[in-house]
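J.: Please find start-v6.txt (compact mmCIF, C-alpha atoms) on the next line:
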# COMPACT_ATOMS: atom_id res chain seq x y z
CA MET A 484 -28.03 40.94 19.48
CA LYS A 485 -24.95 43.11 19.26
CA ARG A 486 -26.15 44.28 15.89
CA VAL A 487 -29.52 45.27 17.25
CA ILE A 488 -27.89 47.32 19.98
CA LYS A 489 -25.67 48.97 17.42
CA ILE A 490 -28.64 49.90 15.29
CA ILE A 491 -30.44 51.34 18.29
CA ILE A 492 -27.38 53.37 19.27
CA ASN A 493 -26.94 54.59 15.71
CA SER A 494 -30.53 55.65 15.37
CA LEU A 495 -30.32 57.46 18.69
CA PHE A 496 -27.30 59.38 17.46
CA VAL A 497 -28.79 60.19 14.09
CA GLY A 498 -32.01 61.28 15.74
CA GLY A 499 -30.05 63.42 18.15
CA PHE A 500 -28.11 65.14 15.40
CA TYR A 501 -31.22 65.74 13.39
CA SER A 502 -33.05 67.46 16.17
CA CYS A 503 -30.04 69.72 16.78
CA GLY A 504 -29.16 70.28 13.14
CA ALA A 505 -32.55 70.93 11.65
CA PRO A 506 -33.21 74.66 11.57
CA SER A 507 -36.62 75.92 12.54
CA SER A 508 -38.75 77.41 9.78
CA GLN A 509 -37.83 80.90 10.94
CA GLU A 510 -34.09 80.23 10.66
CA ALA A 511 -34.49 78.51 7.32
CA ALA A 512 -35.76 81.72 5.81
CA THR A 513 -32.84 83.88 6.93
CA LEU A 514 -29.20 83.63 5.94
CA PRO A 515 -26.61 85.30 8.16
CA ILE A 516 -25.01 88.59 7.12
CA TYR A 517 -21.24 88.35 7.31
CA GLY A 518 -18.57 90.89 8.22
CA GLU A 519 -18.26 93.79 10.59
CA ARG A 520 -21.26 95.98 11.24
CA HIS A 521 -21.87 99.20 13.12
CA TYR A 522 -24.77 101.36 14.10
CA ASP A 523 -24.98 104.61 12.19
CA VAL A 524 -26.40 107.32 14.43
CA GLN A 525 -27.44 109.61 11.58
CA LEU A 526 -29.10 106.85 9.58
CA GLN A 527 -30.39 105.32 12.79
CA ASP A 528 -29.75 101.91 11.31
CA THR A 529 -27.20 99.11 11.29
CA VAL A 530 -24.60 99.42 8.53
CA TYR A 531 -23.30 96.09 7.27
CA HIS A 532 -20.07 95.11 5.56
CA GLN A 533 -20.53 95.66 1.83
CA ILE A 534 -18.55 94.78 -1.30
CA ALA A 535 -16.58 97.91 -2.20
CA ASP A 536 -16.89 99.63 -5.59
CA PHE A 537 -15.00 97.95 -8.41
CA SER A 538 -14.51 98.20 -12.15
CA PHE A 539 -13.18 95.26 -14.14
CA VAL A 540 -13.40 94.07 -17.74
CA ASN A 541 -15.14 90.83 -18.70
CA GLN A 542 -14.58 88.26 -21.47
CA ASP A 543 -16.53 90.38 -23.95
CA SER A 544 -14.52 93.54 -23.17
CA SER A 545 -17.54 94.98 -21.32
CA VAL A 546 -16.91 96.97 -18.16
CA VAL A 547 -18.26 95.19 -15.08
CA THR A 548 -19.14 97.26 -12.00
CA PRO A 549 -21.59 96.84 -9.11
CA ALA A 550 -24.19 98.31 -11.49
CA THR A 551 -23.87 95.13 -13.57
CA PHE A 552 -25.26 93.24 -10.56
CA GLU A 553 -28.01 95.70 -9.71
CA ASP A 554 -31.08 93.79 -8.62
CA LYS A 555 -29.14 90.51 -8.77
CA ILE A 556 -27.65 88.21 -6.23
CA TYR A 557 -24.30 86.82 -7.34
CA VAL A 558 -21.64 84.26 -6.56
CA ALA A 559 -18.01 85.42 -6.68
CA ASP A 560 -14.79 83.43 -6.84
CA PHE A 561 -11.08 83.81 -7.63
CA PHE A 562 -9.15 81.61 -10.06
CA PHE A 563 -6.71 81.64 -12.98
CA THR A 564 -6.98 79.77 -16.27
CA SER A 565 -3.57 78.09 -16.10
CA CYS A 566 -4.18 76.90 -12.53
CA PRO A 567 -3.03 73.29 -12.16
CA THR A 568 -4.65 72.56 -8.80
CA ILE A 569 -8.14 73.34 -7.53
CA CYS A 570 -9.49 75.59 -10.31
CA PRO A 571 -10.87 72.91 -12.63
CA VAL A 572 -12.82 71.41 -9.73
CA MET A 573 -14.12 74.85 -8.80
CA LYS A 574 -15.18 75.49 -12.38
CA LYS A 575 -16.90 72.12 -12.61
CA GLU A 576 -18.83 72.95 -9.44
CA MET A 577 -19.58 76.54 -10.53
CA LEU A 578 -20.88 75.09 -13.78
CA ARG A 579 -23.53 73.31 -11.71
CA VAL A 580 -24.54 76.63 -10.16
CA TYR A 581 -24.63 78.15 -13.65
CA GLU A 582 -26.80 75.35 -15.07
CA GLU A 583 -29.19 75.70 -12.15
CA PHE A 584 -29.73 79.47 -12.49
CA LYS A 585 -28.76 80.44 -16.05
CA ASP A 586 -32.38 81.24 -16.93
CA ASN A 587 -32.91 83.36 -13.83
CA GLU A 588 -32.15 87.02 -14.46
CA GLN A 589 -31.74 87.64 -10.75
CA VAL A 590 -28.67 85.42 -10.44
CA ALA A 591 -25.16 86.04 -11.80
CA ILE A 592 -21.63 84.70 -11.36
CA LEU A 593 -18.43 86.76 -11.11
CA SER A 594 -15.10 84.96 -11.53
CA HIS A 595 -11.99 87.11 -11.01
CA THR A 596 -8.70 86.02 -12.51
CA ILE A 597 -5.79 86.55 -10.14
CA ASP A 598 -3.31 86.25 -13.00
CA PRO A 599 -4.34 89.23 -15.17
CA GLU A 600 -0.99 89.40 -16.97
CA TYR A 601 -1.57 85.98 -18.50
CA ASP A 602 -5.38 85.92 -18.49
CA THR A 603 -6.17 88.58 -21.05
CA VAL A 604 -9.68 89.39 -22.24
CA GLY A 605 -9.08 87.22 -25.32
CA LEU A 606 -7.97 84.28 -23.23
CA LEU A 607 -10.92 84.62 -20.86
CA HIS A 608 -13.23 84.78 -23.87
CA ASP A 609 -11.80 81.52 -25.16
CA TYR A 610 -11.99 79.98 -21.69
CA ALA A 611 -15.66 80.90 -21.22
CA GLN A 612 -16.51 79.66 -24.68
CA ARG A 613 -14.77 76.33 -24.09
CA LEU A 614 -16.66 76.02 -20.83
CA GLY A 615 -19.82 76.67 -22.83
CA VAL A 616 -21.14 79.60 -20.77
CA ASP A 617 -22.88 82.84 -21.58
CA SER A 618 -21.53 86.24 -20.50
CA ASP A 619 -24.98 87.51 -19.53
CA THR A 620 -24.88 85.24 -16.51
CA TRP A 621 -21.23 84.42 -15.91
CA HIS A 622 -18.62 87.20 -16.03
CA PHE A 623 -14.94 86.29 -16.18
CA VAL A 624 -13.14 89.49 -15.27
CA THR A 625 -9.62 90.79 -15.42
CA GLY A 626 -8.13 94.11 -14.39
CA ASP A 627 -5.44 95.67 -12.26
CA LYS A 628 -3.79 92.92 -10.24
CA ASP A 629 -3.50 94.93 -7.01
CA LYS A 630 -7.15 95.90 -7.21
CA ILE A 631 -8.19 92.27 -7.68
CA PHE A 632 -6.09 91.08 -4.73
CA ASP A 633 -7.36 94.04 -2.70
CA ILE A 634 -11.05 93.41 -3.29
CA GLY A 635 -10.51 89.70 -2.61
CA LEU A 636 -8.96 90.36 0.73
CA LYS A 637 -10.94 93.36 1.96
CA SER A 638 -14.37 92.91 0.41
CA TYR A 639 -14.83 89.17 -0.12
CA MET A 640 -12.50 88.26 2.75
CA VAL A 641 -10.68 85.47 0.89
CA THR A 642 -7.04 84.69 0.21
CA ALA A 643 -5.55 85.56 -3.17
CA MET A 644 -1.86 86.31 -3.54
CA GLU A 645 1.37 85.49 -5.33
CA ASP A 646 3.50 82.69 -3.97
CA GLU A 647 6.49 81.35 -5.86
CA GLU A 648 6.33 78.08 -3.94
CA ALA A 649 2.79 77.23 -5.00
CA PRO A 650 2.08 75.29 -8.21
CA GLY A 651 1.28 77.91 -10.84
CA GLY A 652 2.89 80.64 -8.70
CA LEU A 653 -0.31 81.85 -7.07
CA ILE A 654 -2.36 80.81 -4.08
CA HIS A 655 -6.03 81.45 -3.62
CA SER A 656 -8.88 80.02 -1.63
CA GLY A 657 -11.43 77.79 -3.31
CA ALA A 658 -14.27 79.78 -1.79
CA PHE A 659 -17.54 80.68 -3.49
CA ILE A 660 -18.98 83.83 -1.93
CA LEU A 661 -22.71 84.53 -2.04
CA VAL A 662 -23.54 88.24 -2.30
CA ASP A 663 -27.07 89.63 -1.98
CA LYS A 664 -28.73 92.56 -3.79
CA GLN A 665 -27.47 94.96 -1.12
CA ARG A 666 -23.86 93.85 -1.80
CA ARG A 667 -23.65 92.02 1.51
CA ILE A 668 -21.98 88.61 1.99
CA ARG A 669 -24.56 85.98 2.91
CA GLY A 670 -22.44 82.84 2.78
CA THR A 671 -19.09 81.33 1.86
CA TYR A 672 -18.75 77.79 0.57
CA ASP A 673 -15.85 75.53 -0.39
CA GLY A 674 -16.07 75.42 -4.18
CA THR A 675 -14.08 72.20 -4.32
CA VAL A 676 -16.61 70.20 -2.29
CA ALA A 677 -19.80 69.11 -4.06
CA GLU A 678 -21.85 68.93 -0.84
CA GLN A 679 -20.96 72.55 0.02
CA VAL A 680 -22.00 73.66 -3.45
CA ASP A 681 -25.32 71.86 -2.95
CA VAL A 682 -25.79 74.03 0.16
CA LEU A 683 -24.92 77.13 -1.89
CA ILE A 684 -27.50 76.26 -4.56
CA ASN A 685 -30.10 75.79 -1.85
CA ASP A 686 -29.08 79.07 -0.16
CA ILE A 687 -29.45 80.95 -3.46
CA ARG A 688 -33.01 79.61 -3.70
CA ARG A 689 -33.70 80.69 -0.12
CA LEU A 690 -32.32 84.15 -0.77
CA LEU A 691 -34.41 84.49 -3.92
CA GLN A 692 -37.55 83.52 -2.03
CA LYS A 693 -36.74 86.01 0.68
CA GLU A 694 -36.19 88.80 -1.84
CA GLU A 695 -39.49 87.95 -3.51
CA ARG A 696 -41.33 88.08 -0.21
CA MET A 697 -39.76 91.44 0.60
CA ALA A 698 -40.67 92.82 -2.83
CA SER A 699 -44.29 91.73 -2.53
CA SER A 700 -44.79 92.96 1.03
CA MET B 330 -10.88 24.32 13.20
CA LYS B 331 -8.51 22.93 10.58
CA LEU B 332 -11.37 22.81 8.12
CA CYS B 333 -12.23 26.38 8.90
CA VAL B 334 -8.69 27.57 8.10
CA LEU B 335 -8.65 25.52 4.92
CA VAL B 336 -11.94 26.98 3.77
CA SER B 337 -10.83 30.54 4.44
CA ILE B 338 -7.56 29.99 2.54
CA CYS B 339 -9.52 28.64 -0.41
CA CYS B 340 -11.85 31.62 -0.26
CA PHE B 341 -8.89 33.98 -0.14
CA LEU B 342 -7.21 32.41 -3.16
CA SER B 343 -10.33 32.23 -5.25
CA GLY B 344 -11.07 35.79 -4.17
CA CYS B 345 -7.84 36.89 -5.78
CA ASP B 346 -8.70 35.12 -8.98
CA GLY B 347 -12.06 36.79 -9.25
CA GLY B 348 -10.94 40.18 -7.90
CA LYS B 349 -13.15 43.18 -8.49
CA PHE B 350 -10.78 44.83 -10.97
CA GLN B 351 -10.41 41.79 -13.24
CA ASN B 352 -11.50 42.16 -16.83
CA SER B 353 -11.08 40.39 -20.16
CA ALA B 354 -7.53 41.70 -20.53
CA THR B 355 -6.36 40.28 -17.21
CA GLN B 356 -7.85 36.77 -17.54
CA ASN B 357 -4.66 35.13 -18.73
CA LEU B 358 -2.26 36.77 -16.29
CA SER B 359 -0.28 34.55 -13.93
CA ARG B 360 -1.50 34.44 -10.36
CA ALA B 361 1.39 36.68 -9.27
CA ASP B 362 0.67 39.26 -11.96
CA LYS B 363 -3.00 39.24 -11.08
CA LEU B 364 -2.00 40.18 -7.56
CA HIS B 365 0.32 42.91 -8.85
CA TYR B 366 -2.45 44.19 -11.05
CA GLU B 367 -4.87 44.43 -8.11
CA GLN B 368 -2.25 46.33 -6.09
CA TYR B 369 -1.61 48.69 -9.01
CA MET B 370 -5.32 49.40 -9.35
CA ILE B 371 -5.66 50.33 -5.68
CA GLN B 372 -2.49 52.46 -5.60
CA GLY B 373 -3.35 53.90 -9.01
CA GLN B 374 -6.76 55.04 -7.84
CA GLN B 375 -5.20 56.95 -4.94
CA LEU B 376 -2.51 58.51 -7.12
CA TYR B 377 -5.12 59.47 -9.68
CA ALA B 378 -7.16 61.21 -6.98
CA THR B 379 -4.07 63.14 -5.87
CA HIS B 380 -2.47 64.09 -9.17
CA CYS B 381 -5.07 63.84 -11.94
CA SER B 382 -8.69 64.06 -10.86
CA ASN B 383 -8.70 67.80 -10.04
CA CYS B 384 -8.56 68.45 -13.76
CA HIS B 385 -9.67 65.25 -15.46
CA GLN B 386 -12.37 64.67 -12.80
CA PRO B 387 -12.92 61.51 -10.74
CA ASP B 388 -14.99 59.94 -13.54
CA GLY B 389 -12.45 60.88 -16.23
CA THR B 390 -14.87 63.09 -18.16
CA GLY B 391 -12.67 66.23 -18.21
CA LEU B 392 -14.10 69.76 -18.24
CA GLY B 393 -15.97 71.24 -21.20
CA GLN B 394 -13.61 71.85 -24.09
CA LEU B 395 -10.90 72.94 -21.66
CA ILE B 396 -9.66 69.67 -20.23
CA PRO B 397 -9.91 66.56 -22.38
CA PRO B 398 -11.64 63.41 -21.15
CA LEU B 399 -9.73 60.23 -20.31
CA PHE B 400 -12.99 58.31 -20.33
CA GLN B 401 -13.21 56.66 -23.77
CA SER B 402 -10.60 59.03 -25.14
CA ASP B 403 -9.28 57.96 -28.54
CA TYR B 404 -6.11 60.00 -27.91
CA MET B 405 -5.32 58.12 -24.72
CA LEU B 406 -6.54 54.66 -25.68
CA SER B 407 -4.57 54.56 -28.92
CA ASP B 408 -1.08 55.09 -27.45
CA GLN B 409 0.02 53.99 -23.97
CA SER B 410 3.65 55.10 -24.35
CA ARG B 411 2.64 58.63 -25.23
CA THR B 412 0.44 58.68 -22.12
CA PHE B 413 3.43 57.77 -19.89
CA CYS B 414 5.38 60.70 -21.37
CA VAL B 415 2.45 63.11 -20.97
CA ILE B 416 1.98 62.15 -17.31
CA LYS B 417 5.69 62.68 -16.59
CA TYR B 418 6.56 65.67 -18.77
CA GLY B 419 3.21 67.38 -19.34
CA LEU B 420 1.93 68.74 -22.61
CA ASN B 421 2.20 72.13 -24.23
CA GLN B 422 0.59 71.78 -27.61
CA GLU B 423 -2.78 71.51 -29.25
CA ILE B 424 -4.22 68.00 -29.35
CA VAL B 425 -7.38 66.47 -30.81
CA VAL B 426 -9.40 64.16 -28.60
CA ASN B 427 -12.54 62.51 -29.95
CA GLY B 428 -12.69 65.16 -32.67
CA GLU B 429 -12.40 68.15 -30.29
CA VAL B 430 -9.39 70.46 -30.20
CA TYR B 431 -7.86 71.07 -26.73
CA ASN B 432 -5.08 73.57 -26.08
CA GLN B 433 -4.74 74.03 -22.31
CA PRO B 434 -1.20 73.16 -21.19
CA MET B 435 -0.90 70.16 -18.88
CA PRO B 436 1.69 70.56 -16.11
CA ALA B 437 4.56 68.07 -15.80
CA ASN B 438 4.71 65.61 -12.91
CA GLU B 439 8.41 64.88 -12.92
CA GLN B 440 8.35 63.87 -9.27
CA LEU B 441 6.36 60.74 -10.16
CA THR B 442 8.42 57.55 -10.24
CA ASN B 443 8.10 54.85 -12.90
CA ILE B 444 6.13 52.60 -10.57
CA GLU B 445 3.70 55.43 -9.77
CA ILE B 446 3.22 56.13 -13.48
CA ALA B 447 2.65 52.40 -14.09
CA GLN B 448 0.03 52.36 -11.31
CA ILE B 449 -1.76 55.45 -12.65
CA ALA B 450 -1.63 54.06 -16.20
CA THR B 451 -2.97 50.67 -15.08
CA TYR B 452 -5.79 52.47 -13.29
CA ILE B 453 -6.84 54.74 -16.16
CA TYR B 454 -6.52 51.96 -18.75
CA ASN B 455 -8.78 49.67 -16.70
CA SER B 456 -11.40 52.06 -15.36
CA TRP B 457 -14.60 53.50 -16.79
CA GLY B 458 -15.04 50.47 -19.06
CA HIS B 459 -11.47 50.45 -20.40
CA GLU B 460 -9.89 46.99 -20.52
CA GLN B 461 -6.24 47.27 -21.48
CA GLY B 462 -4.87 45.15 -18.64
CA TYR B 463 -1.85 45.22 -16.35
CA ILE B 464 0.86 47.75 -17.26
CA PRO B 465 4.02 46.61 -15.44
CA VAL B 466 6.63 49.10 -14.23
CA LYS B 467 9.15 47.45 -16.58
CA LYS B 468 7.18 48.61 -19.59
CA VAL B 469 7.00 52.19 -18.29
CA ALA B 470 10.74 52.17 -17.54
CA GLU B 471 11.51 51.11 -21.12
CA GLU B 472 9.17 53.60 -22.76
CA ILE B 473 9.87 56.61 -20.58
CA ASN B 474 13.46 56.77 -21.84
CA LYS B 475 12.14 57.28 -25.34
CA CYS B 476 10.07 60.39 -24.48
CA GLN B 477 10.93 63.32 -26.70
Written as C-alpha cells, how would this file's structure read?

T.:
Amino acid sequence: MKRVIKIIINSLFVGGFYSCGAPSSQEAATLPIYGERHYDVQLQDTVYHQIADFSFVNQDSSVVTPATFEDKIYVADFFFTSCPTICPVMKKEMLRVYEEFKDNEQVAILSHTIDPEYDTVGLLHDYAQRLGVDSDTWHFVTGDKDKIFDIGLKSYMVTAMEDEEAPGGLIHSGAFILVDKQRRIRGTYDGTVAEQVDVLINDIRRLLQKEERMASS
Amino acid sequence: MKLCVLVSICCFLSGCDGGKFQNSATQNLSRADKLHYEQYMIQGQQLYATHCSNCHQPDGTGLGQLIPPLFQSDYMLSDQSRTFCVIKYGLNQEIVVNGEVYNQPMPANEQLTNIEIAQIATYIYNSWGHEQGYIPVKKVAEEINKCQ
C-alpha cells in the first residue's frame, strides 16, 4: 500500500514538473539573447551585446576573424593543451558536437588556447590531428594572451586567467558558448556535463531551423 | 526471530563470497582478502573518478590519439609496477599503447598514498573486462620504492 502511495506521489511530482518545464511551441523556437542591450535612437532598434572583433591564428596558420564565421553559428570555448583537469572532458564533449555537425557548413567550433606561449600553431596542429578533426569546422586558435583573456571576459563573458595555485597554472571556465550569425550569445553550457552538451546540440538544431525560416520568409 | 537473524547472516556471508566485483582472479583469495578487494574496488572507483577519469574517461577509453586508453591497454596490462610509478610520478615521454604513439605529458599525483594507489590499481586492473585481481597495498609499497 505504501508503495502505491509513493508511486502516486511520484507521478504527481513528475507530472507537475513536466507541465512547468515543458516550453510551449512558441518558446521552443526562440533562444534567449544574452548580455546587455540598449535602444539605439538613430537606428530605431535594439542593439544587442555582440562578440567584439578579433584576429587569431588557427592550427593551419590561417588567420581567423569574425569573417571566418560569416553566415555560420559557432560554439566557442577556452582551454589549453597541457591542461590536467577539465579540458579532456571538454574536448570529449566538443567532439560530440563536432561529429554531429561536421557536415553542416553553417556550424563551426572555435577553441581558444589560454596558454599561447606553450600552445604554438605547430602544437595545436598536432593536437587537432590527434583528436582527428578538420580545420574547416573546428578552429584551434592562438594569439596575443591579453587579447584572448580580454575577449573571453568581455565578449564571451567567461573566466580565463592565470593562477599559480591552479593545476597547470591557469584557470578557466568549462563553458561552451553558442554564438549566432549576428555574433550574439544565445546560450552557455557546462562543457564538462554530457546532459548540458545534449541541450547545446539540440539548441544548435533549433537555431539552425530558426535561421532557415528567417531566410525563407 | 532467531531463524531470521541466522538467515540474514548467511545471506550476508554468501553475499561477500559472490560479490559483484569478483572475477576469475579473485576466486582463490581468502575470505578476508576478498573483503579487502571489494573495499578497494569501491574506494578505487571513487579515486579514479576524482584523479583519472577527466583524462582517461570513465570507461577508460582515453581521448583520440591524445590520451591513451586504459581499457584493454597492452602498455598498462603488461606491467603493474610501472603503472604504480606512472600514477605517482607522472610521465613525460613518448609511449606506445596498442600500436599508437602518445606524447602528452601525464601530471604527477605525488599526494596519493600507497593505499590510494593500490585502490586505483585494483580498480583499473579489474574493470572493463580486466581480471588481474587484488593488488594489496604491500605490493605497491614495495614497488614504489623502485621507481626511477

J.: Which chain A residues are at most 7 Å from chain B (counting only C-alpha atoms), as a PyMOL selection string?

T.: chain A and resi 567-569+571-572+575+613-615

J.: Closest to Asp554 in chain A among A:Gln589, A:Ser656, A:Thr625, A:Ser699, using all atoms listed in the file?

T.: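 Checking each candidate against Asp554 in chain A, we get A:Gln589 as the closest.
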
J.: How many Å lie between CA of Ile654 in chain A and CA of Pro515 in chain A, rounded to one decimal?

T.: 27.5 Å

J.: Find the residue from A:His532, A:Val604, A:Lys628, A:Phe659 that sits nearest to Lys574 in chain A; use all atoms listed in the file when measuring.

T.: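 That would be A:Phe659, the residue with the smallest distance to Lys574 in chain A.
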
J.: Can you tell me which residues surround Thr564 in chain A at a distance of at most 9 Å, considering all atoms listed in the file, apart from same-chain residues fewer than 3 positions away, and format the answer as a PDB file with C-alpha atoms, in the coordinates of the input?

T.:
ATOM      1  CA  PRO A 567      -3.030  73.290 -12.160  1.00  0.00           C
ATOM      2  CA  CYS A 570      -9.490  75.590 -10.310  1.00  0.00           C
ATOM      3  CA  PRO A 571     -10.870  72.910 -12.630  1.00  0.00           C
ATOM      4  CA  THR A 596      -8.700  86.020 -12.510  1.00  0.00           C
ATOM      5  CA  ASP A 598      -3.310  86.250 -13.000  1.00  0.00           C
ATOM      6  CA  TYR A 601      -1.570  85.980 -18.500  1.00  0.00           C
ATOM      7  CA  ASP A 602      -5.380  85.920 -18.490  1.00  0.00           C
ATOM      8  CA  LEU A 606      -7.970  84.280 -23.230  1.00  0.00           C
ATOM      9  CA  LEU A 607     -10.920  84.620 -20.860  1.00  0.00           C
ATOM     10  CA  TYR A 610     -11.990  79.980 -21.690  1.00  0.00           C
TER      11      TYR A 610
ATOM     12  CA  GLN B 433      -4.740  74.030 -22.310  1.00  0.00           C
TER      13      GLN B 433
END

J.: Set the distance at 9 Å and use all atoms listed in the file: which residues neighbour Asp663 in chain A once local chain neighbours fewer than 3 positions away are removed? I'd like the list as a JSON list (two decimals) with C-alpha atoms, in the frame of the given file.

T.:
[["chain", "number", "residue", "atom", "x", "y", "z"],
["A", 554, "ASP", "CA", -31.08, 93.79, -8.62],
["A", 555, "LYS", "CA", -29.14, 90.51, -8.77],
["A", 556, "ILE", "CA", -27.65, 88.21, -6.23],
["A", 557, "TYR", "CA", -24.30, 86.82, -7.34],
["A", 558, "VAL", "CA", -21.64, 84.26, -6.56],
["A", 666, "ARG", "CA", -23.86, 93.85, -1.80],
["A", 667, "ARG", "CA", -23.65, 92.02, 1.51],
["A", 668, "ILE", "CA", -21.98, 88.61, 1.99],
["A", 669, "ARG", "CA", -24.56, 85.98, 2.91],
["A", 690, "LEU", "CA", -32.32, 84.15, -0.77]]

J.: Please compute the CA of Cys566 in chain A-CA of Phe623 in chain A distance, one decimal, in Å.

T.: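 Calculated distance between CA of Cys566 in chain A and CA of Phe623 in chain A is 14.7 Å.
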
J.: To one decimal place, how far is CA of Thr548 in chain A from CA of Thr675 in chain A in Å?

T.: 26.7 Å

J.: Go through A:Glu553, A:Glu678, A:Glu582, A:Asp543 one by one, measure the shortest atom-to-atom distance of each to Val616 in chain A using all atoms listed in the file, and give the residue with the smallest value.

T.: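 Nearest to Val616 in chain A: A:Glu582.
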